[in-house]
file target.cif (mmCIF, C-alpha atoms (C1' of nucleotides))
data_coords
loop_
_atom_site.label_atom_id
_atom_site.label_comp_id
_atom_site.auth_asym_id
_atom_site.auth_seq_id
_atom_site.Cartn_x
_atom_site.Cartn_y
_atom_site.Cartn_z
CA MET A 169 180.49 84.58 115.70
CA THR A 170 177.33 84.78 113.70
CA SER A 171 177.16 87.14 110.80
CA THR A 172 174.49 89.79 110.84
CA PRO A 173 171.85 89.02 108.28
CA THR A 174 171.53 91.59 105.53
CA PRO A 175 168.13 92.45 104.10
CA ILE A 176 167.58 90.64 100.87
CA PRO A 177 165.49 92.43 98.29
CA LEU A 178 162.41 90.30 97.94
CA GLN A 179 161.44 89.96 94.36
CA THR A 180 160.04 87.47 91.96
CA ALA A 181 161.55 86.92 88.54
CA ARG A 182 159.39 88.68 86.00
CA PRO A 183 159.95 86.98 82.64
CA ALA A 184 161.92 88.55 79.81
CA ARG A 185 159.71 88.16 76.77
CA ALA A 186 156.99 90.72 76.26
CA ASP A 187 154.05 88.32 75.93
CA ALA A 188 155.24 86.34 78.89
CA ARG A 189 155.59 89.46 80.97
CA ARG A 190 152.09 90.56 80.04
CA ASN A 191 150.63 87.22 81.05
CA TYR A 192 152.63 87.24 84.24
CA ASP A 193 151.12 90.55 85.22
CA LEU A 194 147.63 89.45 84.21
CA LEU A 195 147.99 86.36 86.34
CA VAL A 196 149.25 88.16 89.40
CA ALA A 197 146.48 90.73 89.10
CA ALA A 198 143.83 88.06 88.65
CA ALA A 199 145.22 86.10 91.56
CA ARG A 200 145.31 89.11 93.84
CA GLU A 201 141.70 89.85 93.02
CA ALA A 202 140.56 86.27 93.36
CA PHE A 203 142.43 85.69 96.62
CA ALA A 204 140.88 88.82 98.07
CA GLU A 205 137.38 87.81 96.98
CA HIS A 206 137.35 84.10 97.66
CA GLY A 207 140.40 83.38 99.79
CA THR A 208 143.67 81.78 98.85
CA ASP A 209 142.08 78.46 98.04
CA THR A 210 140.55 79.75 94.85
CA SER A 211 141.23 77.16 92.18
CA LEU A 212 144.17 77.89 89.95
CA GLU A 213 142.06 77.18 86.88
CA GLU A 214 139.68 79.92 87.96
CA ILE A 215 142.58 82.32 88.23
CA ALA A 216 143.87 81.38 84.80
CA ARG A 217 140.36 81.90 83.45
CA ARG A 218 140.10 85.33 85.04
CA ALA A 219 143.45 86.27 83.60
CA GLY A 220 142.30 85.10 80.17
CA VAL A 221 145.23 82.73 80.01
CA GLY A 222 145.62 78.98 79.60
CA ILE A 223 146.16 76.84 82.64
CA GLY A 224 149.45 75.68 81.16
CA THR A 225 150.71 79.24 81.14
CA LEU A 226 149.88 79.65 84.78
CA TYR A 227 151.68 76.47 85.72
CA ARG A 228 154.75 77.28 83.66
CA ARG A 229 155.21 80.49 85.56
CA PHE A 230 153.97 79.45 88.97
CA PRO A 231 154.61 75.78 89.60
CA ASN A 232 152.35 75.79 92.63
CA ARG A 233 149.94 77.87 94.64
CA THR A 234 152.66 79.11 96.95
CA ALA A 235 154.64 80.56 94.07
CA LEU A 236 151.62 82.56 93.09
CA LEU A 237 151.03 83.69 96.66
CA GLU A 238 154.61 84.85 96.81
CA ALA A 239 154.23 86.95 93.70
CA VAL A 240 150.97 88.44 94.94
CA TYR A 241 152.23 89.37 98.36
CA VAL A 242 155.89 90.31 97.90
CA ASP A 243 155.23 93.98 98.28
CA GLU A 244 153.06 93.64 101.32
CA ILE A 245 155.48 91.30 103.02
CA GLN A 246 158.38 93.58 102.32
CA SER A 247 156.49 96.51 103.71
CA VAL A 248 155.76 94.62 106.92
CA CYS A 249 159.51 94.16 107.31
CA ASP A 250 160.32 97.73 106.47
CA ARG A 251 157.80 99.14 108.88
CA ALA A 252 159.90 97.86 111.77
CA TYR A 253 162.54 100.49 111.11
CA GLY A 254 160.00 103.29 111.18
CA PHE A 255 158.68 102.14 114.52
CA ALA A 256 162.20 101.81 115.88
CA GLU A 257 162.86 105.46 115.12
CA LYS A 258 159.64 106.93 116.36
CA LEU A 259 158.80 104.91 119.46
CA GLY A 260 160.38 103.64 122.61
CA PRO A 261 161.76 100.09 122.49
CA PHE A 262 158.78 98.24 123.89
CA ASP A 263 156.21 100.33 122.10
CA ALA A 264 158.04 99.91 118.82
CA LEU A 265 157.99 96.15 119.21
CA ALA A 266 154.35 96.24 120.21
CA ALA A 267 153.42 98.44 117.30
CA TRP A 268 155.23 96.23 114.85
CA LEU A 269 153.58 93.08 116.12
CA ARG A 270 150.23 94.84 116.05
CA SER A 271 150.77 95.95 112.48
CA PHE A 272 151.71 92.40 111.59
CA VAL A 273 148.53 91.05 113.12
CA GLY A 274 146.44 93.77 111.56
CA TYR A 275 147.86 93.04 108.16
CA SER A 276 147.42 89.31 108.53
CA ILE A 277 143.82 89.65 109.65
CA SER A 278 142.97 91.85 106.72
CA LYS A 279 144.41 89.27 104.36
CA LYS A 280 142.54 86.44 106.05
CA SER A 281 143.82 83.14 104.83
CA LEU A 282 147.12 84.55 103.69
CA ALA A 283 148.12 84.67 107.31
CA GLY A 284 147.84 80.94 107.64
CA GLU A 285 149.80 80.20 104.52
CA LEU A 286 152.44 82.69 105.46
CA THR A 287 152.89 81.58 109.01
CA VAL A 288 153.02 77.96 108.00
CA ALA A 289 155.53 78.93 105.36
CA LEU A 290 157.81 80.49 107.98
CA GLY A 291 158.75 76.92 108.75
CA LYS A 292 159.42 75.97 105.16
CA ASN A 293 162.45 76.24 102.98
CA SER A 294 161.54 77.92 99.74
CA GLU A 295 164.13 80.40 98.57
CA PHE A 296 161.62 83.18 98.76
CA PHE A 297 160.54 82.41 102.26
CA THR A 298 164.09 82.03 103.42
CA ALA A 299 164.80 85.53 102.18
CA CYS A 300 161.58 86.66 103.77
CA LYS A 301 162.53 85.07 107.05
CA VAL A 302 165.93 86.71 107.02
CA ASN A 303 164.32 90.08 106.53
CA VAL A 304 161.65 89.57 109.13
CA ARG A 305 164.26 88.25 111.48
CA GLU A 306 166.55 91.18 111.06
CA ALA A 307 163.77 93.67 111.51
CA GLY A 308 162.33 91.86 114.49
CA GLU A 309 165.67 91.24 116.13
CA LEU A 310 166.40 94.93 116.01
CA LEU A 311 163.23 95.74 117.90
CA LEU A 312 163.47 92.84 120.27
CA ASP A 313 167.09 93.45 121.21
CA ALA A 314 166.37 97.10 121.86
CA ALA A 315 163.50 96.16 124.13
CA LYS A 316 165.65 93.64 125.94
CA ALA A 317 168.47 96.15 126.38
CA ASP A 318 165.92 98.58 127.70
CA GLY A 319 164.86 96.04 130.30
CA SER A 320 161.26 96.06 129.15
CA VAL A 321 161.28 92.56 127.71
CA ARG A 322 162.57 89.41 129.37
CA PRO A 323 166.02 88.64 127.97
CA GLU A 324 165.53 84.91 127.51
CA LEU A 325 162.78 85.25 124.92
CA GLU A 326 163.43 84.30 121.32
CA LEU A 327 162.17 86.20 118.34
CA MET A 328 160.96 83.19 116.43
CA ASP A 329 158.91 82.06 119.40
CA ILE A 330 157.25 85.42 119.59
CA LEU A 331 156.54 85.46 115.89
CA ARG A 332 155.08 81.99 116.01
CA LEU A 333 152.82 82.97 118.83
CA VAL A 334 151.70 86.12 117.09
CA GLY A 335 151.31 84.21 113.85
CA GLY A 336 149.09 81.74 115.65
CA ILE A 337 146.73 84.53 116.60
CA THR A 338 145.89 85.12 112.99
CA MET A 339 145.26 81.53 112.11
CA GLY A 340 141.71 81.28 113.42
CA ARG A 341 139.27 81.55 110.54
CA GLU A 342 136.79 83.72 112.35
CA MET A 343 139.10 86.15 114.03
CA ASP A 344 138.11 89.79 114.04
CA ALA A 345 140.42 92.73 114.66
CA ASP A 346 139.14 93.36 118.18
CA GLN A 347 139.68 89.85 119.35
CA ALA A 348 143.06 89.68 117.66
CA ASN A 349 144.13 92.78 119.53
CA ARG A 350 142.95 91.36 122.84
CA LEU A 351 144.99 88.24 122.21
CA LEU A 352 147.97 90.33 121.30
CA ASP A 353 147.58 92.25 124.56
CA ILE A 354 147.99 89.01 126.45
CA VAL A 355 151.11 88.17 124.48
CA LEU A 356 152.59 91.60 125.00
CA ALA A 357 151.95 91.35 128.71
CA GLY A 358 153.72 88.02 128.60
CA LEU A 359 156.82 89.55 127.07
CA LYS A 360 157.35 92.09 129.80
CA ALA A 361 160.19 91.69 132.23
CA MET B 183 120.76 85.97 134.71
CA THR B 184 122.76 83.49 132.70
CA SER B 185 122.32 79.83 133.41
CA THR B 186 125.36 77.80 134.30
CA PRO B 187 126.24 75.46 131.48
CA THR B 188 125.95 71.80 132.34
CA PRO B 189 128.38 69.28 130.90
CA ILE B 190 126.85 67.54 127.96
CA PRO B 191 127.90 63.97 127.42
CA LEU B 192 129.77 64.01 124.14
CA GLN B 193 128.82 61.09 122.03
CA THR B 194 128.18 60.20 118.47
CA ALA B 195 125.14 58.20 117.44
CA ARG B 196 126.24 54.66 116.85
CA PRO B 197 123.72 53.06 114.49
CA ALA B 198 121.12 50.53 115.58
CA ARG B 199 121.42 47.71 113.08
CA ALA B 200 124.11 45.13 113.69
CA ASP B 201 125.83 45.33 110.30
CA ALA B 202 125.74 49.10 110.37
CA ARG B 203 127.24 49.16 113.83
CA ARG B 204 130.01 46.83 112.74
CA ASN B 205 130.84 49.02 109.76
CA TYR B 206 130.68 52.12 111.90
CA ASP B 207 133.29 50.70 114.22
CA LEU B 208 135.45 49.50 111.35
CA LEU B 209 135.36 52.97 109.84
CA VAL B 210 136.21 54.78 113.03
CA ALA B 211 139.07 52.37 113.69
CA ALA B 212 140.38 52.72 110.14
CA ALA B 213 140.09 56.49 110.32
CA ARG B 214 141.88 56.68 113.66
CA GLU B 215 144.70 54.61 112.24
CA ALA B 216 144.90 56.53 108.99
CA PHE B 217 144.73 59.94 110.66
CA ALA B 218 147.53 58.93 112.98
CA GLU B 219 149.69 57.67 110.12
CA HIS B 220 149.06 60.22 107.42
CA GLY B 221 147.32 63.15 109.09
CA THR B 222 143.71 64.18 108.95
CA ASP B 223 143.80 64.88 105.26
CA THR B 224 143.89 61.22 104.36
CA SER B 225 141.37 60.69 101.59
CA LEU B 226 138.04 59.34 102.69
CA GLU B 227 138.16 56.70 99.96
CA GLU B 228 141.40 55.41 101.45
CA ILE B 229 139.73 55.13 104.82
CA ALA B 230 136.77 53.27 103.36
CA ARG B 231 139.22 50.95 101.63
CA ARG B 232 141.10 50.29 104.87
CA ALA B 233 137.84 49.56 106.62
CA GLY B 234 136.87 47.16 103.85
CA VAL B 235 133.71 49.11 103.26
CA GLY B 236 132.18 50.91 100.30
CA ILE B 237 132.63 54.65 99.99
CA GLY B 238 128.85 55.01 100.02
CA THR B 239 128.74 53.43 103.44
CA LEU B 240 131.25 55.87 104.77
CA TYR B 241 129.37 58.84 103.43
CA ARG B 242 126.01 57.62 104.70
CA ARG B 243 127.38 57.51 108.22
CA PHE B 244 129.76 60.45 108.09
CA PRO B 245 128.55 63.12 105.69
CA ASN B 246 131.89 64.91 105.81
CA ARG B 247 135.40 64.72 107.13
CA THR B 248 134.54 66.62 110.27
CA ALA B 249 131.88 64.11 111.23
CA LEU B 250 134.50 61.40 111.06
CA LEU B 251 136.98 63.47 113.05
CA GLU B 252 134.35 63.95 115.70
CA ALA B 253 133.75 60.24 116.02
CA VAL B 254 137.46 59.51 116.16
CA TYR B 255 138.27 62.06 118.80
CA VAL B 256 135.21 62.20 121.08
CA ASP B 257 136.89 60.33 123.86
CA GLU B 258 140.06 62.34 123.75
CA ILE B 259 138.19 65.62 123.65
CA GLN B 260 136.03 64.61 126.55
CA SER B 261 139.04 63.62 128.55
CA VAL B 262 140.66 67.00 127.94
CA CYS B 263 137.56 68.59 129.45
CA ASP B 264 137.42 66.19 132.36
CA ARG B 265 141.04 66.66 133.25
CA ALA B 266 140.29 70.22 134.30
CA TYR B 267 138.44 68.99 137.38
CA GLY B 268 141.35 66.84 138.46
CA PHE B 269 143.74 69.76 138.22
CA ALA B 270 141.31 71.98 140.11
CA GLU B 271 141.38 69.58 143.03
CA LYS B 272 145.07 68.91 143.19
CA LEU B 273 146.69 72.23 142.38
CA GLY B 274 146.48 75.86 143.32
CA PRO B 275 144.32 78.06 141.08
CA PHE B 276 146.99 79.37 138.75
CA ASP B 277 148.88 76.11 138.53
CA ALA B 278 145.68 74.23 137.78
CA LEU B 279 144.90 76.56 134.91
CA ALA B 280 148.46 76.33 133.66
CA ALA B 281 148.48 72.58 133.89
CA TRP B 282 145.22 72.30 132.03
CA LEU B 283 146.37 74.57 129.22
CA ARG B 284 149.62 72.65 129.04
CA SER B 285 147.80 69.37 128.80
CA PHE B 286 145.65 70.83 126.06
CA VAL B 287 148.68 71.93 124.09
CA GLY B 288 150.45 68.65 124.69
CA TYR B 289 147.46 66.72 123.47
CA SER B 290 147.02 68.90 120.41
CA ILE B 291 150.66 68.65 119.47
CA SER B 292 150.61 64.89 119.69
CA LYS B 293 147.62 64.79 117.38
CA LYS B 294 149.22 67.16 114.89
CA SER B 295 146.72 68.31 112.38
CA LEU B 296 143.76 67.53 114.57
CA ALA B 297 144.64 70.60 116.53
CA GLY B 298 144.04 72.81 113.55
CA GLU B 299 140.74 71.26 112.65
CA LEU B 300 139.62 71.36 116.24
CA THR B 301 140.59 74.92 116.95
CA VAL B 302 139.05 76.14 113.74
CA ALA B 303 135.96 74.19 114.66
CA LEU B 304 135.68 76.00 118.00
CA GLY B 305 134.28 78.84 115.95
CA LYS B 306 131.78 76.69 114.11
CA ASN B 307 128.28 75.64 114.91
CA SER B 308 127.96 71.92 114.56
CA GLU B 309 125.88 70.34 117.29
CA PHE B 310 128.85 68.31 118.39
CA PHE B 311 131.18 71.22 118.65
CA THR B 312 128.62 73.29 120.45
CA ALA B 313 128.39 70.58 123.08
CA CYS B 314 132.15 70.38 123.09
CA LYS B 315 132.45 74.09 123.52
CA VAL B 316 129.99 74.11 126.42
CA ASN B 317 132.04 71.45 128.15
CA VAL B 318 135.37 73.09 127.52
CA ARG B 319 133.91 76.37 128.57
CA GLU B 320 132.56 75.07 131.82
CA ALA B 321 135.78 73.33 132.68
CA GLY B 322 137.90 76.30 131.70
CA GLU B 323 135.69 78.83 133.39
CA LEU B 324 136.00 76.94 136.64
CA LEU B 325 139.76 77.14 136.53
CA LEU B 326 139.90 80.67 135.25
CA ASP B 327 137.45 82.06 137.78
CA ALA B 328 139.34 80.41 140.59
CA ALA B 329 142.57 81.97 139.38
CA LYS B 330 140.92 85.35 139.08
CA ALA B 331 139.42 85.08 142.56
CA ASP B 332 142.83 84.14 143.81
CA GLY B 333 144.25 87.29 142.29
CA SER B 334 146.77 85.41 140.20
CA VAL B 335 145.14 86.16 136.85
CA ARG B 336 143.99 89.53 135.57
CA PRO B 337 140.23 89.76 136.06
CA GLU B 338 139.42 91.27 132.66
CA LEU B 339 140.62 88.29 130.65
CA GLU B 340 138.15 86.11 128.81
CA LEU B 341 138.32 82.37 128.59
CA MET B 342 137.65 82.16 124.89
CA ASP B 343 140.46 84.58 124.17
CA ILE B 344 142.86 82.47 126.16
CA LEU B 345 141.73 79.31 124.44
CA ARG B 346 142.09 80.88 121.03
CA LEU B 347 145.57 82.00 121.83
CA VAL B 348 146.56 78.62 123.16
CA GLY B 349 144.85 76.96 120.20
CA GLY B 350 146.91 79.13 117.89
CA ILE B 351 150.09 77.73 119.39
CA THR B 352 149.28 74.32 118.08
CA MET B 353 148.44 75.41 114.58
CA GLY B 354 151.98 75.61 113.26
CA ARG B 355 152.76 72.54 111.21
CA GLU B 356 156.27 72.13 112.48
CA MET B 357 155.78 72.76 116.14
CA ASP B 358 157.58 70.53 118.60
CA ALA B 359 156.69 70.06 122.25
CA ASP B 360 159.58 72.19 123.50
CA GLN B 361 158.73 75.17 121.40
CA ALA B 362 155.04 74.81 122.19
CA ASN B 363 155.85 74.92 125.88
CA ARG B 364 158.00 77.99 125.47
CA LEU B 365 155.15 79.75 123.69
CA LEU B 366 152.77 78.68 126.39
CA ASP B 367 155.13 80.12 128.99
CA ILE B 368 154.81 83.49 127.33
CA VAL B 369 151.04 83.22 127.35
CA LEU B 370 150.96 82.17 130.98
CA ALA B 371 153.16 85.10 131.90
CA GLY B 372 150.71 87.28 130.04
CA LEU B 373 147.80 86.07 132.11
CA LYS B 374 149.31 87.01 135.44
CA ALA B 375 147.94 89.92 137.38
"C1'" DT C 282 162.80 88.16 56.64
"C1'" DA C 283 163.98 84.04 58.56
"C1'" DC C 284 165.01 81.14 62.23
"C1'" DG C 285 166.03 79.72 66.87
"C1'" DA C 286 164.36 80.47 71.39
"C1'" DT C 287 160.60 81.07 74.13
"C1'" DA C 288 155.98 80.82 75.33
"C1'" DC C 289 151.07 79.47 74.68
"C1'" DG C 290 147.02 76.65 75.70
"C1'" DG C 291 144.15 73.09 76.50
"C1'" DA C 292 143.41 68.14 76.13
"C1'" DG C 293 143.82 64.53 79.09
"C1'" DG C 294 145.42 61.63 83.01
"C1'" DC C 295 145.00 61.43 87.80
"C1'" DT C 296 142.83 61.80 92.24
"C1'" DA C 297 139.42 63.17 95.49
"C1'" DC C 298 134.78 64.49 96.61
"C1'" DC C 299 130.14 63.22 96.89
"C1'" DT C 300 125.42 61.31 95.17
"C1'" DC C 301 122.32 58.09 93.64
"C1'" DC C 302 119.96 53.86 93.32
"C1'" DG C 303 119.54 48.79 92.38
"C1'" DC C 304 120.59 45.04 95.31
"C1'" DT C 305 121.34 42.68 99.98
"C1'" DT C 306 120.88 42.00 104.82
"C1'" DT C 307 118.56 42.54 109.03
"C1'" DT C 308 114.59 43.09 111.74
"C1'" DT C 309 109.92 42.69 112.72
"C1'" DC C 310 105.62 40.59 113.33
"C1'" DA C 311 101.75 37.69 112.10
"C1'" DT D 258 109.11 30.51 110.80
"C1'" DG D 259 108.83 32.98 106.77
"C1'" DA D 260 107.77 36.90 104.26
"C1'" DA D 261 107.30 41.84 104.00
"C1'" DA D 262 109.26 46.14 105.47
"C1'" DA D 263 112.99 48.73 106.94
"C1'" DA D 264 117.59 49.68 106.95
"C1'" DG D 265 121.82 49.41 104.98
"C1'" DC D 266 125.36 48.34 101.30
"C1'" DG D 267 128.57 49.55 97.65
"C1'" DG D 268 130.39 51.24 93.69
"C1'" DA D 269 129.54 53.43 89.23
"C1'" DG D 270 129.74 57.78 87.65
"C1'" DG D 271 129.37 62.92 87.64
"C1'" DT D 272 132.03 66.98 89.09
"C1'" DA D 273 136.08 69.45 90.04
"C1'" DG D 274 140.79 70.53 90.84
"C1'" DC D 275 145.74 69.41 90.16
"C1'" DC D 276 149.32 69.08 87.05
"C1'" DT D 277 151.90 67.53 82.61
"C1'" DC D 278 152.86 67.23 77.97
"C1'" DC D 279 153.51 68.66 73.43
"C1'" DG D 280 151.91 70.53 68.91
"C1'" DT D 281 151.39 75.23 67.57
"C1'" DA D 282 152.13 80.23 67.84
"C1'" DT D 283 154.76 84.29 68.90
"C1'" DC D 284 158.82 87.02 69.84
"C1'" DG D 285 163.49 88.79 69.36
"C1'" DT D 286 167.40 89.09 66.78
"C1'" DA D 287 170.66 89.13 63.09
#

call {"tool": "encode", "arguments": {"input": "target.cif", "output": "structure tokens"}}
result
Amino acid sequence: MTSTPTPIPLQTARPARADARRNYDLLVAAAREAFAEHGTDTSLEEIARRAGVGIGTLYRRFPNRTALLEAVYVDEIQSVCDRAYGFAEKLGPFDALAAWLRSFVGYSISKKSLAGELTVALGKNSEFFTACKVNVREAGELLLDAAKADGSVRPELELMDILRLVGGITMGREMDADQANRLLDIVLAGLKA
Amino acid sequence: MTSTPTPIPLQTARPARADARRNYDLLVAAAREAFAEHGTDTSLEEIARRAGVGIGTLYRRFPNRTALLEAVYVDEIQSVCDRAYGFAEKLGPFDALAAWLRSFVGYSISKKSLAGELTVALGKNSEFFTACKVNVREAGELLLDAAKADGSVRPELELMDILRLVGGITMGREMDADQANRLLDIVLAGLKA
DNA sequence: TACGATACGGAGGCTACCTCCGCTTTTTCA
DNA sequence: TGAAAAAGCGGAGGTAGCCTCCGTATCGTA
């Protein structure tokens, strides 16, 4: 039998020394701002500059762009996972699943290029994203199984397929919320038994 | 009233002078090879090197990576469009649409990263991609309208939405043919009336 | 306060992008 | 046919981003 996955608290290791911690926070703040303004392909040197920190400091703490993305978006990602439980309580099985997927798309669209990085990363093996995947999986499985049990979703569907499909929606550069929702409507119709 | 789009022959301007034409062909061949081996993010200098041509020559002919992609994939793209008419003749309305979408996904998957570039480009405005879009649109519209008339597809759906959704399927880096087909099954189910 | 541990920062090596322009090849036409 | 004009060639070099390395500075602790 397969063990039920347990939610793993997503967190990034904030350094111990005071100066290091200060720079860490400056960097994450600068990155969040820069990513929001210019997308996640802002140069790392620009981010270090904004943070008033040397490029070496940035690289010591965040060995690559993904590490920085992780730190910037931990909270948001966690909250996407958590939201599933709220929907499960308040809505019927299918509607809860639909609402969760819609909130996922809505979030991804608002963060533009993050969506791409994140969805691509769902296939990768970083420790962070593994934890993330476990959490997303547990949340999503809960909703999906309920909807299957309810008879509103076809039983042979797999969560990861659905997530991939929904993730794909958000990959288009020029996707607006309306279009994204129309696409999601098609997917939701496709899930129904 | 809106005029029916007419298929535009997709072609790239092969240069007039003999030496230029030779280099053009060398570059396209080298690029095709390199893209296949290492993905579409192969450096342009590497491609020039493979072609045995100066980097300046490459840039004179292909001002950017997309221009080169266009030249490499014209034929394939055109054949994706053309295939629609074959399916329309041989299959029932819904099956023709399904087959066309499946062939699109299959093609995209086999070309890996091209899919991403191409789908992103569907939202752009280069002359080439406009022509491409007109052709895809005409082909797709034919199939979609037939399926709507037939009552097998919901009448309110829009072609571009469907194409975006199907394009999204192919964006995941680590997508294999099986998974892609499963995702497409969901989409197809979602189209049905 | 003194000293080991930790962190800083930016110079510099590397690679890719792209432009510019002196030189070469091809084409044209008298 | 041969010389001028047109078209094309190619690579040096400027710019920018990635990332590493290591001499110097700061922090925490005893």

call {"tool": "interface_residues", "arguments": {"input": "target.cif", "of": "chain C", "to": "chain A", "cutoff": "7 Å", "atoms": "all atoms listed in the file", "output": "PDB file with C-alpha atoms (C1' of nucleotides), keeping the file's coordinate frame"}}
result
ATOM      1  C1'  DA C 288     155.980  80.820  75.330  1.00  0.00           C
ATOM      2  C1'  DC C 289     151.070  79.470  74.680  1.00  0.00           C
ATOM      3  C1'  DG C 290     147.020  76.650  75.700  1.00  0.00           C
ATOM      4  C1'  DG C 291     144.150  73.090  76.500  1.00  0.00           C
TER       5       DG C 291
END

call {"tool": "interface_residues", "arguments": {"input": "target.cif", "of": "chain D", "to": "chain B", "cutoff": "10 Å", "atoms": "only C-alpha atoms (C1' of nucleotides)", "output": "JSON list (two decimals) with C-alpha atoms (C1' of nucleotides), in the frame of the given file"}}
result
[["chain", "number", "residue", "atom", "x", "y", "z"],
["D", 264, "DA", "C1'", 117.59, 49.68, 106.95],
["D", 265, "DG", "C1'", 121.82, 49.41, 104.98],
["D", 266, "DC", "C1'", 125.36, 48.34, 101.30],
["D", 267, "DG", "C1'", 128.57, 49.55, 97.65],
["D", 268, "DG", "C1'", 130.39, 51.24, 93.69]]

call {"tool": "residues_near_point", "arguments": {"input": "target.cif", "point": "(155.0, 95.7, 106.7)", "cutoff": "12 Å", "atoms": "all atoms listed in the file", "output": "JSON, numbers by chain"}}
result
{"A": [241, 242, 243, 244, 245, 246, 247, 248, 249, 250, 251, 252, 253, 254, 255, 267, 268, 269, 270, 271, 272, 273, 274, 275, 276, 300, 303, 304, 307, 308]}

call {"tool": "resolve_selection", "arguments": {"input": "target.cif", "expression": "the PyMOL selection byres ((chain B and resi 228) around 12)", "output": "MDAnalysis selection string"}}
result
(chainID B and resid 209 212:213 215:217 220 222:227 229:237 240) or (chainID C and resid 296:297)

call {"tool": "atom_distance", "arguments": {"input": "target.cif", "atom1": "atom CA of A:Glu257", "atom2": "atom CA of A:Glu306"}}
result
15.3 Å

call {"tool": "resolve_selection", "arguments": {"input": "target.cif", "expression": "the PyMOL selection byres ((chain D and resi 277) around 10)", "output": "PyMOL selection string"}}
result
(chain A and resi 224+227) or (chain C and resi 293-294) or (chain D and resi 275-276+278-279)

call {"tool": "atom_distance", "arguments": {"input": "target.cif", "atom1": "atom CA of A:Gly335", "atom2": "atom CA of A:Leu310"}}
result
18.6 Å

call {"tool": "closest_residue", "arguments": {"input": "target.cif", "among": "A:Ala361, A:Leu237, A:Ala314, A:Ile337", "to": "chain B", "atoms": "only C-alpha atoms"}}
result
A:Ile337

call {"tool": "build_atoms", "arguments": {"input": "target.cif", "residues": "stretch 243-254 of chain B", "atoms": "N, CA and C atoms", "output": "PDB file, keeping the file's coordinate frame"}}
result
ATOM      1  N   ARG B 243     127.211  57.379 106.784  1.00  0.00           N
ATOM      2  CA  ARG B 243     127.380  57.510 108.220  1.00  0.00           C
ATOM      3  C   ARG B 243     128.031  58.836 108.595  1.00  0.00           C
ATOM      4  N   PHE B 244     129.004  59.234 107.789  1.00  0.00           N
ATOM      5  CA  PHE B 244     129.760  60.450 108.090  1.00  0.00           C
ATOM      6  C   PHE B 244     129.717  61.383 106.885  1.00  0.00           C
ATOM      7  N   PRO B 245     128.771  62.294 106.873  1.00  0.00           N
ATOM      8  CA  PRO B 245     128.550  63.120 105.690  1.00  0.00           C
ATOM      9  C   PRO B 245     129.746  63.975 105.295  1.00  0.00           C
ATOM     10  N   ASN B 246     130.703  64.137 106.171  1.00  0.00           N
ATOM     11  CA  ASN B 246     131.890  64.910 105.810  1.00  0.00           C
ATOM     12  C   ASN B 246     133.055  64.536 106.731  1.00  0.00           C
ATOM     13  N   ARG B 247     134.202  65.054 106.387  1.00  0.00           N
ATOM     14  CA  ARG B 247     135.400  64.720 107.130  1.00  0.00           C
ATOM     15  C   ARG B 247     135.287  65.063 108.604  1.00  0.00           C
ATOM     16  N   THR B 248     134.663  66.192 108.873  1.00  0.00           N
ATOM     17  CA  THR B 248     134.540  66.620 110.270  1.00  0.00           C
ATOM     18  C   THR B 248     133.760  65.617 111.100  1.00  0.00           C
ATOM     19  N   ALA B 249     132.699  65.079 110.507  1.00  0.00           N
ATOM     20  CA  ALA B 249     131.880  64.110 111.230  1.00  0.00           C
ATOM     21  C   ALA B 249     132.749  62.918 111.648  1.00  0.00           C
ATOM     22  N   LEU B 250     133.630  62.526 110.769  1.00  0.00           N
ATOM     23  CA  LEU B 250     134.500  61.400 111.060  1.00  0.00           C
ATOM     24  C   LEU B 250     135.513  61.772 112.152  1.00  0.00           C
ATOM     25  N   LEU B 251     136.067  62.969 112.027  1.00  0.00           N
ATOM     26  CA  LEU B 251     136.980  63.470 113.050  1.00  0.00           C
ATOM     27  C   LEU B 251     136.317  63.457 114.421  1.00  0.00           C
ATOM     28  N   GLU B 252     135.084  63.920 114.442  1.00  0.00           N
ATOM     29  CA  GLU B 252     134.350  63.950 115.700  1.00  0.00           C
ATOM     30  C   GLU B 252     134.315  62.563 116.324  1.00  0.00           C
ATOM     31  N   ALA B 253     133.896  61.602 115.498  1.00  0.00           N
ATOM     32  CA  ALA B 253     133.750  60.240 116.020  1.00  0.00           C
ATOM     33  C   ALA B 253     135.087  59.700 116.505  1.00  0.00           C
ATOM     34  N   VAL B 254     136.152  60.036 115.795  1.00  0.00           N
ATOM     35  CA  VAL B 254     137.460  59.510 116.160  1.00  0.00           C
ATOM     36  C   VAL B 254     137.944  60.106 117.482  1.00  0.00           C
TER      37      VAL B 254
END
